[in-house]
Amino acid sequence: MVNRIVVGAHYGVRDWIMQRITAVLMLVYAVALVLFVLALPSGYESWKALFSQGWVRILTVITYLGVVLHAWVGMRDVWMDYIKPAGIRLTMHVLTILWLTGCFFYSIKVVWGL
Amino acid sequence: MQKQRPKHLDLAKIRLPVPGIVSILHRVSGVALFLSLPLLIYLLQGSLSSAEDFERYRAMVGHPLMKLVLIGLLWALLHHLCAGIRFLFLDIHKGLELQTARATAKAVLVVSLVLTAVLGVLVW
């Protein structure tokens with residue numbers, strides 16, 4: 001019996017689970033996309049038609065959100081493993097968030113053709 | 001009894017076991033994909049652009065140097081995907097035995113390289 005003093009923190013378990021759930025989400029999206037590409041006639045027209053469907057756009061953006069959350073946990077782990085000085089680590093965390101947020105808005109712009 | 005083991009962190013001398021190689025490459029490929037996210041989104045944008053922009057996009061993607069970068073990223077994606085599936089199974093305590101873990105690690109390395117080679121030749 002481990003007598004652990006619990007003080008209300010989550011010990012990273014939520015991030016750990018989020019990274020796994022988003023991994024499965026991306027896997028399902030990737031398999032579905034490959035199957036669609038194989039099933040549809042190849043070429044520019046059918047590719048463009050696929051991405052003009054509302055549900056494809058919504059699922060794509062949801063998956064990108066998954067990519068962002070997944071990459072956030074992964075990059076945060078990398079910085080925590082290799083960067084010890086708190087100031088530099090905090091800076092890298094902020095830059096990572098800015099980078100991922102930028103990528104996410106860029107992907108929405110591309111998928112919706114804004 | 002204390003075993004005589006070398007104690008150092010000399011990266012040039014450390015010999016990782018196969019699962020260790022898969023693990024560090026999972027991390028390296030993940031960082032590479034993170035850094036190339038804008039490029040990957042740009043590629044989707046180009047593939048969905050209007051007919052005249054599409055020709056310009058094709059010329060850019062068709063550049064040999066760009067093709068090399070893309071094949072590198074294709075490997076990063078496939079390795080990250082295959083190793084990720086393996087880690088998900090390890091998370092649910094499947095394939096934890098030493099022999100199985102070594103075999104699946106080798107399989108991840110081989111499958112991602114073979115898939116990269118096959119897809120790379122197809123799109124070149």
# chains A, B, ... in the order shown; residues from 1 in each chain; ligands from 1
call {"tool": "residues_around", "arguments": {"residues": "region 60-69 of chain B", "least_positions_apart": "3", "cutoff": "10 Å", "atoms": "only C-alpha atoms", "output": "MDAnalysis selection string"}}
result
chainID B and resid 43 46 54:57 72:75 120 123:124
call {"tool": "write_last_selection", "arguments": {"atoms": "C-alpha atoms", "output": "compact mmCIF listing (two decimals), in the first residue's frame"}}
result
# COMPACT_ATOMS: atom_id res chain seq x y z
CA LEU B 43 1.14 21.69 -48.93
CA GLY B 46 -1.35 24.28 -52.53
CA PHE B 54 -1.91 24.65 -58.73
CA GLU B 55 0.61 24.52 -61.62
CA ARG B 56 3.00 26.81 -59.71
CA TYR B 57 2.54 24.60 -56.65
CA GLY B 72 12.30 12.80 -45.09
CA LEU B 73 9.07 14.11 -43.59
CA LEU B 74 7.19 11.08 -44.94
CA TRP B 75 9.60 8.85 -43.01
CA GLY B 120 8.84 7.55 -52.08
CA VAL B 123 5.60 9.73 -55.83
CA TRP B 124 9.10 10.57 -57.16
call {"tool": "interface_residues", "arguments": {"of": "chain B", "to": "chain A", "cutoff": "7 Å", "atoms": "only C-alpha atoms", "output": "list in words"}}
result
Phe34, Leu37, Pro38, Ile41, Gln45 and Leu48 of chain B
call {"tool": "residues_around", "arguments": {"residues": "Phe87 (chain B)", "least_positions_apart": "4", "cutoff": "10 Å", "atoms": "only C-alpha atoms", "output": "VMD selection string"}}
result
(chain A and resid 20) or (chain B and resid 23 26 81 to 83 91 to 95 105)
call {"tool": "write_last_selection", "arguments": {"atoms": "N, CA, C and O atoms", "output": "JSON list (two decimals), in the first residue's frame"}}
result
[["chain", "number", "residue", "atom", "x", "y", "z"],
["A", 20, "ARG", "N", -2.84, 10.43, -25.70],
["A", 20, "ARG", "CA", -3.26, 9.13, -26.25],
["A", 20, "ARG", "C", -4.56, 9.24, -27.04],
["A", 20, "ARG", "O", -4.69, 8.66, -28.10],
["B", 23, "SER", "N", 12.49, 4.58, -29.68],
["B", 23, "SER", "CA", 11.99, 5.61, -28.79],
["B", 23, "SER", "C", 12.58, 6.99, -29.10],
["B", 23, "SER", "O", 11.85, 7.97, -29.22],
["B", 26, "HIS", "N", 11.31, 8.29, -32.30],
["B", 26, "HIS", "CA", 9.93, 8.75, -32.13],
["B", 26, "HIS", "C", 9.94, 10.21, -31.69],
["B", 26, "HIS", "O", 9.18, 11.04, -32.19],
["B", 81, "LEU", "N", 4.09, 7.35, -36.57],
["B", 81, "LEU", "CA", 2.82, 6.62, -36.57],
["B", 81, "LEU", "C", 3.01, 5.18, -36.10],
["B", 81, "LEU", "O", 2.31, 4.72, -35.19],
["B", 82, "CYS", "N", 3.97, 4.47, -36.71],
["B", 82, "CYS", "CA", 4.18, 3.05, -36.37],
["B", 82, "CYS", "C", 4.65, 2.91, -34.92],
["B", 82, "CYS", "O", 4.13, 2.08, -34.16],
["B", 83, "ALA", "N", 5.63, 3.73, -34.52],
["B", 83, "ALA", "CA", 6.13, 3.66, -33.15],
["B", 83, "ALA", "C", 5.02, 4.06, -32.18],
["B", 83, "ALA", "O", 4.90, 3.49, -31.09],
["B", 91, "ASP", "N", 1.14, 0.77, -23.65],
["B", 91, "ASP", "CA", 0.37, 1.45, -22.61],
["B", 91, "ASP", "C", -0.73, 0.55, -22.04],
["B", 91, "ASP", "O", -1.08, 0.66, -20.86],
["B", 92, "ILE", "N", -1.32, -0.31, -22.90],
["B", 92, "ILE", "CA", -2.36, -1.22, -22.39],
["B", 92, "ILE", "C", -1.76, -2.59, -22.05],
["B", 92, "ILE", "O", -2.45, -3.61, -22.03],
["B", 93, "HIS", "N", -0.43, -2.58, -21.81],
["B", 93, "HIS", "CA", 0.30, -3.77, -21.33],
["B", 93, "HIS", "C", 0.27, -4.94, -22.30],
["B", 93, "HIS", "O", 0.20, -6.09, -21.89],
["B", 94, "LYS", "N", 0.30, -4.61, -23.58],
["B", 94, "LYS", "CA", 0.43, -5.67, -24.59],
["B", 94, "LYS", "C", 1.85, -5.61, -25.17],
["B", 94, "LYS", "O", 2.34, -4.54, -25.52],
["B", 95, "GLY", "N", 2.48, -6.77, -25.26],
["B", 95, "GLY", "CA", 3.80, -6.84, -25.87],
["B", 95, "GLY", "C", 4.92, -6.34, -24.97],
["B", 95, "GLY", "O", 5.90, -5.78, -25.45],
["B", 105, "ALA", "N", 9.83, -3.61, -31.94],
["B", 105, "ALA", "CA", 10.66, -2.43, -32.21],
["B", 105, "ALA", "C", 11.34, -2.56, -33.56],
["B", 105, "ALA", "O", 11.37, -1.61, -34.36]]
call {"tool": "select_by_dssp", "arguments": {"residues": "chain A", "states": "alpha helix (DSSP H)", "output": "ChimeraX atom specification"}}
result
/A:13-39,44-50,54-82,86-112
call {"tool": "atom_distance", "arguments": {"atom1": "CA of Pro6 (chain B)", "atom2": "CA of Val28 (chain B)"}}
result
25.9 Å
call {"tool": "atom_distance", "arguments": {"atom1": "CA of Val37 (chain A)", "atom2": "CA of Leu25 (chain B)"}}
result
28.5 Å
call {"tool": "atom_distance", "arguments": {"atom1": "CA of Leu96 (chain B)", "atom2": "CA of Gly84 (chain B)"}}
result
14.8 Å
